[in-house]
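Data file: protein.txt. Format and content: compact mmCIF, C-alpha atoms and all ligand atoms.
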```txt
# COMPACT_ATOMS: atom_id res chain seq x y z
CA MET A 1 0.00 0.00 0.00
CA ALA A 2 1.48 3.34 -1.01
CA GLU A 3 2.12 5.69 1.89
CA SER A 4 1.02 9.29 1.87
CA THR A 5 1.61 12.06 4.33
CA THR A 6 -0.72 11.91 7.32
CA ASP A 7 -3.89 13.76 6.40
CA LYS A 8 -5.20 14.78 9.76
CA ILE A 9 -3.21 15.19 12.92
CA ASN A 10 -4.74 16.08 16.24
CA ASN A 11 -3.64 19.65 16.71
CA ASP A 12 -4.32 19.45 20.44
CA ILE A 13 -1.83 16.64 20.93
CA SER A 14 1.72 17.08 19.75
CA ILE A 15 3.06 13.91 18.26
CA PRO A 16 6.78 13.54 18.90
CA ALA A 17 9.24 12.45 16.24
CA VAL A 18 10.59 9.60 18.36
CA MET A 19 9.14 7.27 20.97
CA LYS A 20 9.89 4.50 23.41
CA ALA A 21 9.20 1.03 21.96
CA ALA A 22 10.09 -2.61 22.53
CA GLN A 23 12.62 -3.87 20.02
CA GLN A 24 13.03 -7.49 19.01
CA SER A 25 16.46 -7.94 17.40
CA SER A 26 16.08 -11.54 16.15
CA PHE A 27 14.46 -14.83 17.17
CA GLY A 28 15.66 -16.15 20.51
CA ASP A 29 15.14 -16.08 24.27
CA ILE A 30 13.27 -13.17 25.83
CA ARG A 31 16.21 -11.61 27.67
CA ASP A 32 18.58 -12.07 24.71
CA VAL A 33 16.51 -10.51 21.94
CA LEU A 34 14.14 -8.01 23.55
CA THR A 35 15.19 -4.48 24.53
CA LEU A 36 13.51 -1.12 25.08
CA GLY A 37 14.47 1.49 22.51
CA GLU A 38 14.19 5.17 23.49
CA ASN A 39 14.55 6.87 20.12
CA ILE A 40 12.40 4.86 17.75
CA ARG A 41 10.75 6.86 14.97
CA VAL A 42 7.02 7.39 15.44
CA PRO A 43 5.26 5.95 12.34
CA ARG A 44 3.59 9.23 11.36
CA GLN A 45 3.18 8.46 7.66
CA LEU A 46 -0.26 6.91 7.17
CA SER A 47 -1.88 5.38 4.13
CA SER A 48 -5.51 6.39 3.49
CA LYS A 49 -7.04 3.60 5.61
CA GLN A 50 -4.61 3.75 8.53
CA ILE A 51 -4.84 5.40 11.95
CA LEU A 52 -2.18 6.37 14.46
CA VAL A 53 -2.93 5.47 18.07
CA ARG A 54 -1.25 6.80 21.20
CA VAL A 55 -0.98 3.58 23.20
CA CYS A 56 -2.11 3.54 26.83
CA ALA A 57 -2.04 -0.20 27.48
CA ALA A 58 -1.23 -3.45 25.71
CA ALA A 59 -1.70 -7.11 26.63
CA ILE A 60 0.72 -10.01 26.45
CA ASN A 61 -0.54 -13.26 24.88
CA PRO A 62 1.09 -16.69 24.45
CA VAL A 63 1.51 -15.91 20.75
CA ASP A 64 3.99 -13.17 21.74
CA TRP A 65 6.58 -15.51 23.22
CA LYS A 66 5.86 -18.14 20.58
CA ILE A 67 6.68 -15.55 17.92
CA LEU A 68 9.68 -14.25 19.86
CA ASN A 69 11.44 -17.59 20.02
CA GLY A 70 10.87 -18.27 16.33
CA LYS A 71 8.45 -21.16 16.77
CA LEU A 72 6.08 -19.57 14.27
CA SER A 73 8.78 -18.22 11.95
CA LEU A 74 7.30 -20.06 8.97
CA VAL A 75 4.24 -17.82 9.15
CA THR A 76 5.82 -14.63 10.53
CA ARG A 77 7.97 -12.83 8.01
CA TYR A 78 9.58 -10.14 10.17
CA SER A 79 12.36 -7.79 9.35
CA PHE A 80 14.33 -6.88 12.45
CA PRO A 81 14.26 -4.88 14.62
CA HIS A 82 10.59 -5.64 15.08
CA ILE A 83 8.10 -4.10 17.55
CA PRO A 84 6.00 -6.92 19.04
CA GLY A 85 2.53 -6.75 20.63
CA THR A 86 -0.96 -7.46 19.29
CA ASP A 87 -3.60 -6.26 21.80
CA VAL A 88 -3.84 -2.52 22.33
CA ALA A 89 -5.99 0.23 23.87
CA GLY A 90 -5.34 3.92 23.34
CA VAL A 91 -6.39 7.20 21.74
CA VAL A 92 -6.54 8.01 18.00
CA VAL A 93 -4.17 10.91 17.25
CA ALA A 94 -4.07 10.90 13.45
CA ILE A 95 -6.09 9.38 10.61
CA GLY A 96 -5.65 8.73 6.89
CA SER A 97 -7.84 10.44 4.28
CA GLY A 98 -10.08 7.39 3.76
CA VAL A 99 -10.80 6.76 7.44
CA LYS A 100 -14.53 7.27 7.97
CA ARG A 101 -15.60 5.35 11.08
CA LEU A 102 -13.05 6.56 13.63
CA LYS A 103 -11.96 10.10 14.41
CA ILE A 104 -9.15 11.86 16.20
CA GLY A 105 -9.67 11.69 19.96
CA ASP A 106 -11.61 8.39 19.92
CA LYS A 107 -10.65 5.96 22.66
CA VAL A 108 -10.15 2.68 20.85
CA TYR A 109 -9.15 -0.94 21.31
CA GLY A 110 -7.97 -3.49 18.78
CA ASP A 111 -5.78 -6.43 17.85
CA LEU A 112 -2.94 -5.84 15.41
CA GLU A 113 -2.68 -9.44 14.24
CA ILE A 114 0.66 -11.13 13.90
CA HIS A 115 2.22 -7.91 12.49
CA GLY A 116 2.39 -6.52 16.03
CA GLY A 117 3.56 -3.06 17.03
CA SER A 118 1.61 -2.36 20.22
CA TYR A 119 4.50 -2.41 22.72
CA ALA A 120 5.24 1.18 21.81
CA GLU A 121 4.07 4.67 22.70
CA TYR A 122 2.47 5.01 19.24
CA VAL A 123 1.20 2.37 16.88
CA ARG A 124 -0.02 2.62 13.28
CA GLY A 125 -2.58 0.16 11.97
CA PRO A 126 -5.54 -0.28 9.63
CA GLU A 127 -8.81 1.28 10.81
CA SER A 128 -10.44 -2.13 10.19
CA LEU A 129 -8.69 -3.63 13.24
CA PHE A 130 -9.84 -0.96 15.71
CA THR A 131 -13.07 0.22 17.20
CA VAL A 132 -14.33 2.35 20.07
CA LYS A 133 -13.40 0.78 23.40
CA PRO A 134 -16.08 -0.26 25.92
CA ASN A 135 -17.10 2.79 27.96
CA ASN A 136 -17.21 0.85 31.24
CA LEU A 137 -13.58 -0.33 31.07
CA THR A 138 -10.26 1.32 31.85
CA MET A 139 -7.58 1.29 29.17
CA GLU A 140 -5.84 -1.63 30.92
CA GLU A 141 -9.09 -3.62 31.03
CA ALA A 142 -9.89 -2.80 27.40
CA ALA A 143 -6.47 -4.05 26.28
CA ALA A 144 -7.30 -7.36 27.97
CA ILE A 145 -10.21 -8.05 25.62
CA PRO A 146 -9.41 -8.23 21.89
CA LEU A 147 -7.36 -11.34 21.13
CA ALA A 148 -8.54 -13.70 23.88
CA CYS A 149 -12.20 -12.67 23.97
CA ASP A 150 -12.64 -12.48 20.19
CA THR A 151 -11.04 -15.91 19.74
CA SER A 152 -13.66 -17.43 22.06
CA TYR A 153 -16.48 -15.30 20.63
CA GLN A 154 -15.74 -16.53 17.09
CA ALA A 155 -15.31 -20.13 18.25
CA LEU A 156 -18.66 -20.30 20.07
CA PHE A 157 -20.83 -18.11 17.84
CA LYS A 158 -19.31 -18.19 14.35
CA LYS A 159 -17.36 -21.40 13.93
CA VAL A 160 -20.13 -23.71 15.13
CA SER A 161 -23.45 -23.86 13.38
CA PRO A 162 -25.91 -23.33 14.90
CA PRO A 163 -24.11 -20.99 17.30
CA ILE A 164 -24.37 -21.89 20.96
CA GLY A 165 -27.42 -20.45 22.73
CA LYS A 166 -29.94 -21.03 25.47
CA GLY A 167 -29.84 -24.63 26.67
CA SER A 168 -26.75 -25.63 24.65
CA LYS A 169 -24.46 -28.01 26.51
CA VAL A 170 -20.94 -26.64 26.29
CA PHE A 171 -17.74 -28.08 27.71
CA ILE A 172 -14.69 -25.81 27.94
CA CYS A 173 -11.22 -27.35 28.31
CA GLY A 174 -9.28 -24.89 30.46
CA GLY A 175 -11.81 -22.54 32.05
CA SER A 176 -9.02 -20.61 33.81
CA THR A 177 -7.07 -19.81 30.64
CA ALA A 178 -7.60 -16.24 29.42
CA THR A 179 -9.56 -17.54 26.43
CA GLY A 180 -11.45 -19.98 28.67
CA LEU A 181 -12.43 -17.28 31.18
CA TYR A 182 -14.10 -15.37 28.35
CA ALA A 183 -15.64 -18.53 26.88
CA VAL A 184 -17.27 -19.47 30.19
CA GLN A 185 -18.79 -15.99 30.52
CA LEU A 186 -19.91 -15.75 26.87
CA ALA A 187 -21.57 -19.17 27.01
CA LYS A 188 -23.26 -18.41 30.32
CA ALA A 189 -24.43 -15.04 28.99
CA VAL A 190 -26.47 -16.70 26.24
CA GLY A 191 -27.95 -19.27 28.61
CA ALA A 192 -25.79 -22.29 27.81
CA TYR A 193 -25.16 -25.00 30.37
CA VAL A 194 -21.38 -24.89 31.00
CA THR A 195 -18.89 -27.36 32.44
CA THR A 196 -15.16 -26.74 32.46
CA THR A 197 -11.81 -28.16 33.57
CA CYS A 198 -9.94 -26.13 36.17
CA SER A 199 -7.38 -26.93 38.88
CA PRO A 200 -8.32 -26.14 42.52
CA ARG A 201 -5.77 -23.29 42.49
CA ASN A 202 -8.13 -21.47 40.16
CA PHE A 203 -11.53 -22.13 41.73
CA SER A 204 -11.32 -18.72 43.43
CA LEU A 205 -10.65 -17.13 40.03
CA MET A 206 -13.96 -18.50 38.79
CA GLU A 207 -15.66 -17.22 41.93
CA LYS A 208 -14.36 -13.73 41.10
CA LEU A 209 -16.60 -13.91 38.03
CA GLY A 210 -19.55 -14.43 40.35
CA TYR A 211 -19.95 -18.20 39.93
CA THR A 212 -20.57 -20.75 42.63
CA ILE A 213 -18.28 -23.67 41.95
CA THR A 214 -19.75 -27.13 42.08
CA GLN A 215 -17.97 -30.38 41.37
CA THR A 216 -21.24 -32.28 41.26
CA ASN A 217 -22.83 -32.80 37.90
CA VAL A 218 -25.77 -30.41 37.89
CA GLU A 219 -26.79 -30.98 34.32
CA THR A 220 -30.35 -29.94 34.85
CA SER A 221 -29.62 -26.94 37.08
CA ASN A 222 -31.19 -23.70 35.92
CA ASP A 223 -28.98 -21.67 38.22
CA GLN A 224 -26.86 -19.62 35.82
CA ASN A 225 -24.51 -18.71 38.66
CA GLN A 226 -23.51 -22.31 39.20
CA LEU A 227 -20.44 -23.46 37.33
CA HIS A 228 -19.74 -27.16 37.05
CA VAL A 229 -15.97 -27.63 37.32
CA ILE A 230 -13.88 -30.77 36.87
CA ASP A 231 -10.48 -30.81 38.54
CA TYR A 232 -8.32 -31.93 35.63
CA THR A 233 -5.42 -32.76 37.97
CA GLU A 234 -7.54 -35.57 39.46
CA LYS A 235 -10.07 -36.57 36.84
CA ASP A 236 -10.46 -37.22 33.12
CA PHE A 237 -13.46 -35.25 31.91
CA GLY A 238 -14.15 -37.90 29.25
CA GLU A 239 -14.80 -40.51 31.94
CA GLU A 240 -16.59 -38.11 34.30
CA LEU A 241 -19.08 -36.93 31.67
CA LYS A 242 -19.21 -40.01 29.47
CA ASP A 243 -22.27 -40.23 27.18
CA GLN A 244 -23.71 -36.94 28.41
CA ASN A 245 -24.39 -35.58 24.94
CA TYR A 246 -22.58 -32.26 24.91
CA ASP A 247 -23.26 -30.07 21.87
CA VAL A 248 -19.84 -28.41 21.83
CA VAL A 249 -16.42 -29.00 23.36
CA TYR A 250 -14.23 -25.90 23.13
CA ASP A 251 -10.56 -26.63 23.77
CA CYS A 252 -8.28 -23.83 25.04
CA VAL A 253 -5.58 -26.21 26.34
CA GLY A 254 -4.53 -28.51 23.49
CA GLY A 255 -3.02 -31.96 23.27
CA ALA A 256 -4.51 -35.04 21.60
CA GLU A 257 -6.04 -36.12 24.95
CA GLN A 258 -8.63 -33.30 24.78
CA TRP A 259 -9.99 -34.66 21.47
CA ILE A 260 -9.94 -38.25 22.77
CA SER A 261 -11.89 -37.31 25.93
CA ALA A 262 -14.22 -34.97 24.01
CA GLN A 263 -15.46 -37.78 21.77
CA LYS A 264 -16.75 -39.61 24.85
CA ILE A 265 -18.97 -36.71 25.91
CA LEU A 266 -20.13 -35.22 22.60
CA LYS A 267 -23.55 -36.01 21.21
CA ARG A 268 -23.86 -37.49 17.72
CA GLY A 269 -22.96 -34.62 15.37
CA GLY A 270 -21.43 -32.61 18.23
CA LYS A 271 -18.59 -30.16 17.54
CA PHE A 272 -15.05 -30.18 18.89
CA ILE A 273 -13.35 -26.84 18.35
CA THR A 274 -9.72 -26.32 19.34
CA ILE A 275 -7.59 -23.17 19.30
CA VAL A 276 -4.40 -25.08 20.10
CA GLY A 277 -4.50 -28.48 18.38
CA ASP A 278 -2.49 -31.55 19.35
CA ASP A 279 0.89 -29.84 19.49
CA THR A 280 0.97 -27.60 22.55
CA SER A 281 4.50 -26.40 21.70
CA SER A 282 3.02 -24.61 18.64
CA VAL A 283 6.10 -25.05 16.47
CA ILE A 284 5.13 -24.27 12.89
CA SER A 285 7.60 -26.23 10.77
CA LEU A 286 7.00 -28.03 7.49
CA LYS A 287 6.87 -31.33 9.41
CA THR A 288 4.30 -30.09 11.95
CA LEU A 289 2.22 -28.50 9.18
CA ILE A 290 2.10 -31.82 7.31
CA GLU A 291 1.27 -33.72 10.53
CA MET A 292 -1.39 -31.15 11.48
CA GLY A 293 -2.92 -31.30 8.00
CA PHE A 294 -2.97 -35.09 8.05
CA SER A 295 -4.56 -35.25 11.49
CA ILE A 296 -7.25 -32.67 10.57
CA VAL A 297 -8.09 -34.45 7.29
CA ASN A 298 -8.25 -37.77 9.15
CA ARG A 299 -10.60 -36.38 11.80
CA LYS A 300 -12.73 -34.56 9.21
CA PHE A 301 -13.04 -37.87 7.30
CA TRP A 302 -14.33 -39.68 10.38
CA SER A 303 -16.66 -36.77 11.23
CA VAL A 304 -18.41 -37.51 7.91
CA PHE A 305 -18.09 -41.28 7.69
CA GLY A 306 -17.81 -42.31 11.35
CA LEU A 307 -20.88 -43.34 13.32
CA ALA A 308 -20.70 -40.44 15.79
CA HIS A 309 -20.24 -37.65 13.19
CA HIS A 310 -18.20 -35.56 15.65
CA ASP A 311 -16.96 -32.50 13.83
CA TYR A 312 -13.31 -31.52 14.41
CA ILE A 313 -12.68 -27.77 13.95
CA ARG A 314 -9.29 -26.05 14.20
CA HIS A 315 -9.95 -22.37 14.88
CA VAL A 316 -7.56 -19.47 14.35
CA LEU A 317 -8.70 -15.94 15.20
CA SER A 318 -9.54 -13.73 12.24
CA GLU A 319 -9.32 -10.15 13.54
CA ASN A 320 -11.97 -7.56 12.64
CA PHE A 321 -13.64 -4.58 14.27
CA GLN A 322 -17.21 -5.89 13.81
CA ASP A 323 -16.63 -8.66 16.36
CA LEU A 324 -15.12 -6.18 18.80
CA ASP A 325 -18.22 -4.00 18.39
CA ASP A 326 -20.49 -7.00 19.06
CA ILE A 327 -18.47 -8.01 22.10
CA ARG A 328 -18.57 -4.45 23.41
CA THR A 329 -22.28 -3.80 22.95
CA LYS A 330 -23.74 -7.24 23.71
CA PHE A 331 -21.45 -8.50 26.44
CA ILE A 332 -19.08 -5.94 27.99
CA GLU A 333 -21.21 -2.81 28.28
CA THR A 334 -24.11 -4.98 29.49
CA ASN A 335 -21.80 -6.30 32.24
CA LYS A 336 -22.31 -9.91 31.14
CA VAL A 337 -18.62 -10.41 30.45
CA LYS A 338 -15.67 -8.80 32.22
CA PRO A 339 -11.91 -9.11 31.92
CA LEU A 340 -9.88 -10.64 34.73
CA ILE A 341 -6.39 -9.25 35.06
CA ASP A 342 -3.49 -11.17 36.59
CA THR A 343 -0.84 -8.42 36.63
CA VAL A 344 -0.24 -4.92 35.31
CA PHE A 345 3.37 -3.80 34.85
CA ASP A 346 4.19 -0.20 33.96
CA TRP A 347 7.32 0.17 31.84
CA ARG A 348 7.76 3.80 32.92
CA LYS A 349 8.45 2.41 36.40
CA ASP A 350 9.79 -1.09 35.75
CA GLY A 351 11.60 -0.53 32.43
CA VAL A 352 12.31 -3.55 30.27
CA GLU A 353 11.85 -5.83 33.32
CA ALA A 354 8.11 -5.16 32.93
CA LEU A 355 8.18 -6.89 29.56
CA TYR A 356 10.45 -9.72 30.71
CA SER A 357 8.21 -10.45 33.73
CA LEU A 358 5.05 -10.46 31.63
CA TYR A 359 6.50 -12.70 28.91
CA GLU A 360 7.91 -15.08 31.51
CA LYS A 361 4.59 -15.28 33.37
CA SER A 362 2.75 -16.03 30.13
CA LYS A 363 5.32 -18.66 29.15
CA SER A 364 4.96 -20.36 32.56
CA GLY A 365 1.36 -21.31 31.65
CA LYS A 366 0.30 -20.17 35.14
CA ALA A 367 -1.28 -16.78 34.41
CA GLN A 368 -4.59 -16.19 36.19
CA GLY A 369 -6.19 -13.81 33.73
CA LYS A 370 -4.66 -11.30 31.38
CA LEU A 371 -1.15 -9.84 31.60
CA ILE A 372 -1.08 -6.12 30.93
CA LEU A 373 1.64 -3.66 29.98
CA LYS A 374 0.80 -0.10 30.97
CA ILE A 375 2.46 2.37 28.64
CA ALA A 376 0.90 5.78 29.29
CA ASP A 377 -1.93 7.49 31.12
CA GLU A 378 -5.18 8.09 29.30
CA GLU A 379 -5.04 11.88 29.45
N1 LIG B 401 -5.95 -20.16 17.65
C1 LIG B 401 -6.00 -18.92 18.11
O1 LIG B 401 -6.39 -17.99 17.38
C2 LIG B 401 -5.61 -18.64 19.54
C3 LIG B 401 -5.99 -17.43 20.15
C4 LIG B 401 -5.67 -17.22 21.50
C5 LIG B 401 -4.94 -18.20 22.19
N2 LIG B 401 -4.55 -19.34 21.54
C6 LIG B 401 -3.80 -20.39 22.27
O2 LIG B 401 -4.64 -20.86 23.30
C7 LIG B 401 -3.85 -21.30 24.41
C8 LIG B 401 -4.40 -20.66 25.68
O3 LIG B 401 -4.05 -19.28 25.68
P1 LIG B 401 -4.53 -18.37 26.89
O4 LIG B 401 -3.89 -17.04 26.75
O5 LIG B 401 -5.97 -18.47 26.99
O6 LIG B 401 -3.87 -19.19 28.10
P2 LIG B 401 -3.27 -18.70 29.51
O7 LIG B 401 -4.13 -17.64 30.07
O8 LIG B 401 -1.82 -18.43 29.37
O9 LIG B 401 -3.45 -20.07 30.35
C9 LIG B 401 -3.00 -20.15 31.66
C10 LIG B 401 -3.95 -21.01 32.46
O10 LIG B 401 -4.04 -22.33 31.88
C11 LIG B 401 -4.35 -23.25 32.93
N3 LIG B 401 -4.01 -24.61 32.48
C12 LIG B 401 -2.77 -25.07 32.18
N4 LIG B 401 -2.83 -26.37 31.80
C13 LIG B 401 -4.13 -26.74 31.87
C14 LIG B 401 -4.83 -27.97 31.61
N5 LIG B 401 -4.19 -29.08 31.20
N6 LIG B 401 -6.17 -27.99 31.78
C15 LIG B 401 -6.84 -26.88 32.20
N7 LIG B 401 -6.23 -25.70 32.47
C16 LIG B 401 -4.88 -25.62 32.31
C17 LIG B 401 -3.48 -22.74 34.05
O11 LIG B 401 -4.00 -23.08 35.31
P3 LIG B 401 -3.45 -24.31 36.21
O12 LIG B 401 -2.23 -24.88 35.53
O13 LIG B 401 -3.17 -23.76 37.55
O14 LIG B 401 -4.59 -25.22 36.20
C18 LIG B 401 -3.55 -21.20 33.89
O15 LIG B 401 -4.52 -20.63 34.72
C19 LIG B 401 -2.40 -20.93 24.07
O16 LIG B 401 -1.75 -22.08 23.54
C20 LIG B 401 -2.55 -19.87 22.99
O17 LIG B 401 -1.44 -19.79 22.13
C21 LIG B 401 -4.88 -19.59 20.24
```

Please re-express this file's structure in structure tokens.
Amino acid sequence: MAESTTDKINNDISIPAVMKAAQQSSFGDIRDVLTLGENIRVPRQLSSKQILVRVCAAAINPVDWKILNGKLSLVTRYSFPHIPGTDVAGVVVAIGSGVKRLKIGDKVYGDLEIHGGSYAEYVRGPESLFTVKPNNLTMEEAAAIPLACDTSYQALFKKVSPPIGKGSKVFICGGSTATGLYAVQLAKAVGAYVTTTCSPRNFSLMEKLGYTITQTNVETSNDQNQLHVIDYTEKDFGEELKDQNYDVVYDCVGGAEQWISAQKILKRGGKFITIVGDDTSSVISLKTLIEMGFSIVNRKFWSVFGLAHHDYIRHVLSENFQDLDDIRTKFIETNKVKPLIDTVFDWRKDGVEALYSLYEKSKSGKAQGKLILKIADEE
């Protein structure tokens, strides 16, 4: 896309020539390849459909450290130094000539896809990836929504047909994952009956969402505040819920064992939808792509010709502002879904250690909600 000079710049806010931004020098370990640059050029040149956002907060996701160590290098074609970061919340400070929906001064949130750029004081991106942020959330809370919540929103309402709704029986593998926390709330919000796997360490996390945890199968309960939880450290959900005719199993954990157990609990024609797949290490090499392709084709074949007709769906988020608008108006601003935040680090105070700590927490697989990088104040 040809670049033109920025058409409109917010005259009230002076946009500096240089900024502070994370810099990834190559693929490798977090502390070897990630630094904080102080004099990085602000991307002021916008094409007609782009906006420039002054970043207030960003969120760390597992994809960040997977990209950083090169595990997805077959699909990421970066030139270094690269500014990482997908989730973002901030204020629009400049717009291209063809930008119609958003205006200077709008408080927005969005997900910049694999191209990244949000761990910076300013980020440039297409208008199509941003929309107005929920009015009942802070910037840090808004940054916690896009990638994780939209992934679960698309999985439950767009990737399965019919979408889940009142009375659907939904099982979520990994209710305490960031994606799972949103999935539980989204499914509950539309009146689905929800069961999930969760270790006892995280029962209190679920209670923070307002649920009463029960480990007894309350399949017929109409109490929407009750959440049926299976302690995965003790029990196999496939055995616990065998033959209980679930409509959908949504997997936020990964590993072949989720698919094996899911088939025991799904109804005939039920859907298994995974955002991780069998390989939890998420290395995208030619070998893993071939293996993944073979395993999906094999499972699709049996979903058509097998007796149970269980559909196997591998879901990858497809970012767009329309979903973020739906999530905002139907679920967030109606207080049916809220973000849970594990930690906020502020790089003005903690420097590059803020990034290292957040990446390391995400990589540990022990985060209890979203990990947030605070970059600037709202005003
Ligand atoms: N396809 C896509 O578009 C897409 C989008 C978003 C995320 N993802 C992928 O989805 C996965 C989850 O990401 P996330 O950000 O939601 O995760 P996360 O927040 O980093 O997950 C951390 C949580 O997972 C729990 N957990 C770990 N092992 C578990 C198991 N075997 N069963 C149940 N819970 C378990 C941990 O609790 P305890 O260990 O204490 O139980 C911890 O609370 C990642 O692999 C990510 O890359 C894919």

Closest of A:Ser79, A:Gln215, A:Gln50, A:Gln368 to ligand LIG 401 (chain B) - atom-to-atom distances counting all atoms listed in the file: A:Gln368

Nearby residues (only C-alpha atoms) at most 8 Å from region 250-259 of chain A, same-chain spacing under 6 positions excluded, as an MDAnalysis selection string: chainID A and resid 155:156 170:175 177 179:180 272:280

Ligand LIG 401 (chain B) neighbours within 8 Å using only C-alpha atoms and all ligand atoms, as JSON, numbers by chain: {"A": [61, 62, 63, 66, 147, 148, 151, 152, 173, 174, 175, 176, 177, 178, 179, 180, 181, 197, 198, 199, 200, 201, 202, 232, 233, 252, 253, 254, 274, 275, 276, 280, 281, 282, 314, 315, 316, 317, 318, 362, 363, 364, 365, 366, 367, 368, 369, 370]}

Closest of A:Val99, A:Leu266, A:Val55, A:Ile104 to Ser168 (chain A) - atom-to-atom distances counting all atoms listed in the file: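 Ranked by minimum distance to Ser168 (chain A), first place goes to A:Leu266.
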
Nearest residue to Lys20 (chain A) from the set A:Glu38, A:Glu353, A:Asp326, A:Asp231 (distances using only C-alpha atoms):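 Residue with the minimum atom-to-atom distance to Lys20 (chain A): A:Glu38.
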
Residue neighbourhood Val53 (chain A), 8 Å, all atoms listed in the file, exclusion window fewer than 2 positions, as a ChimeraX atom specification: /A:51,55,90-94,122-124

May I have the selected residues written with C-alpha atoms, as a tab-separated table (two decimals), in the coordinates of the input?
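Result went into result.tsv, see below:
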```tsv
chain	number	residue	atom	x	y	z
A	51	ILE	CA	-4.84	5.40	11.95
A	55	VAL	CA	-0.98	3.58	23.20
A	90	GLY	CA	-5.34	3.92	23.34
A	91	VAL	CA	-6.39	7.20	21.74
A	92	VAL	CA	-6.54	8.01	18.00
A	93	VAL	CA	-4.17	10.91	17.25
A	94	ALA	CA	-4.07	10.90	13.45
A	122	TYR	CA	2.47	5.01	19.24
A	123	VAL	CA	1.20	2.37	16.88
A	124	ARG	CA	-0.02	2.62	13.28
```

CA of Gly125 (chain A) to CA of Thr76 (chain A), straight-line distance in Å: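 Computed distance, CA of Thr76 (chain A) to CA of Gly125 (chain A), equals 17.1 Å.
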
Protein, DNA and RNA residues within 7 Å of (4.5, -0.3, 26.9), all atoms listed in the file, as a PyMOL selection string: chain A and resi 21+57-58+119-121+347+373-375

Which residue of A:Lys271, A:Thr212, A:Asn136, A:Asp236 approaches Pro163 (chain A) most closely, using all atoms listed in the file: A:Lys271

Protein/DNA/RNA residues near (4.1, -7.3, 16.2), cut 12 Å, only C-alpha atoms, as a PyMOL selection string: chain A and resi 21-24+58-61+63-68+76-88+111-120+123-125

Nearest to Leu209 (chain A), chosen from A:Ala262, A:Val190, A:Ile145, A:Leu227, with all atoms listed in the file counted in the distances: A:Leu227

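Relative to CA of Glu378 (chain A), CA of Gln185 (chain A) is found at 27.7 Å.
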
Selected residue of minimal separation from Gln263 (chain A) among A:Ala308, A:Leu137, A:Leu371, A:Ile230, counting all atoms listed in the file: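 Between A:Ala308, A:Leu137, A:Leu371, A:Ile230, the residue approaching Gln263 (chain A) most closely is A:Ala308.
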
Point-to-point distance from CA of Lys49 (chain A) to CA of Cys149 (chain A), Å rounded to tenths: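 Straight-line distance from CA of Lys49 (chain A) to CA of Cys149 (chain A) works out to 25.1 Å.
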
Report the centre and edge lengths, in Å to one decimal, of an axis-aligned box enclosing every atom of region 346-362 of chain A listed in the file, padded by 3 Å on each side, as JSON.
```
{"center_x": 7.5, "center_y": -6.1, "center_z": 32.7, "size_x": 15.6, "size_y": 25.8, "size_z": 13.5}
```
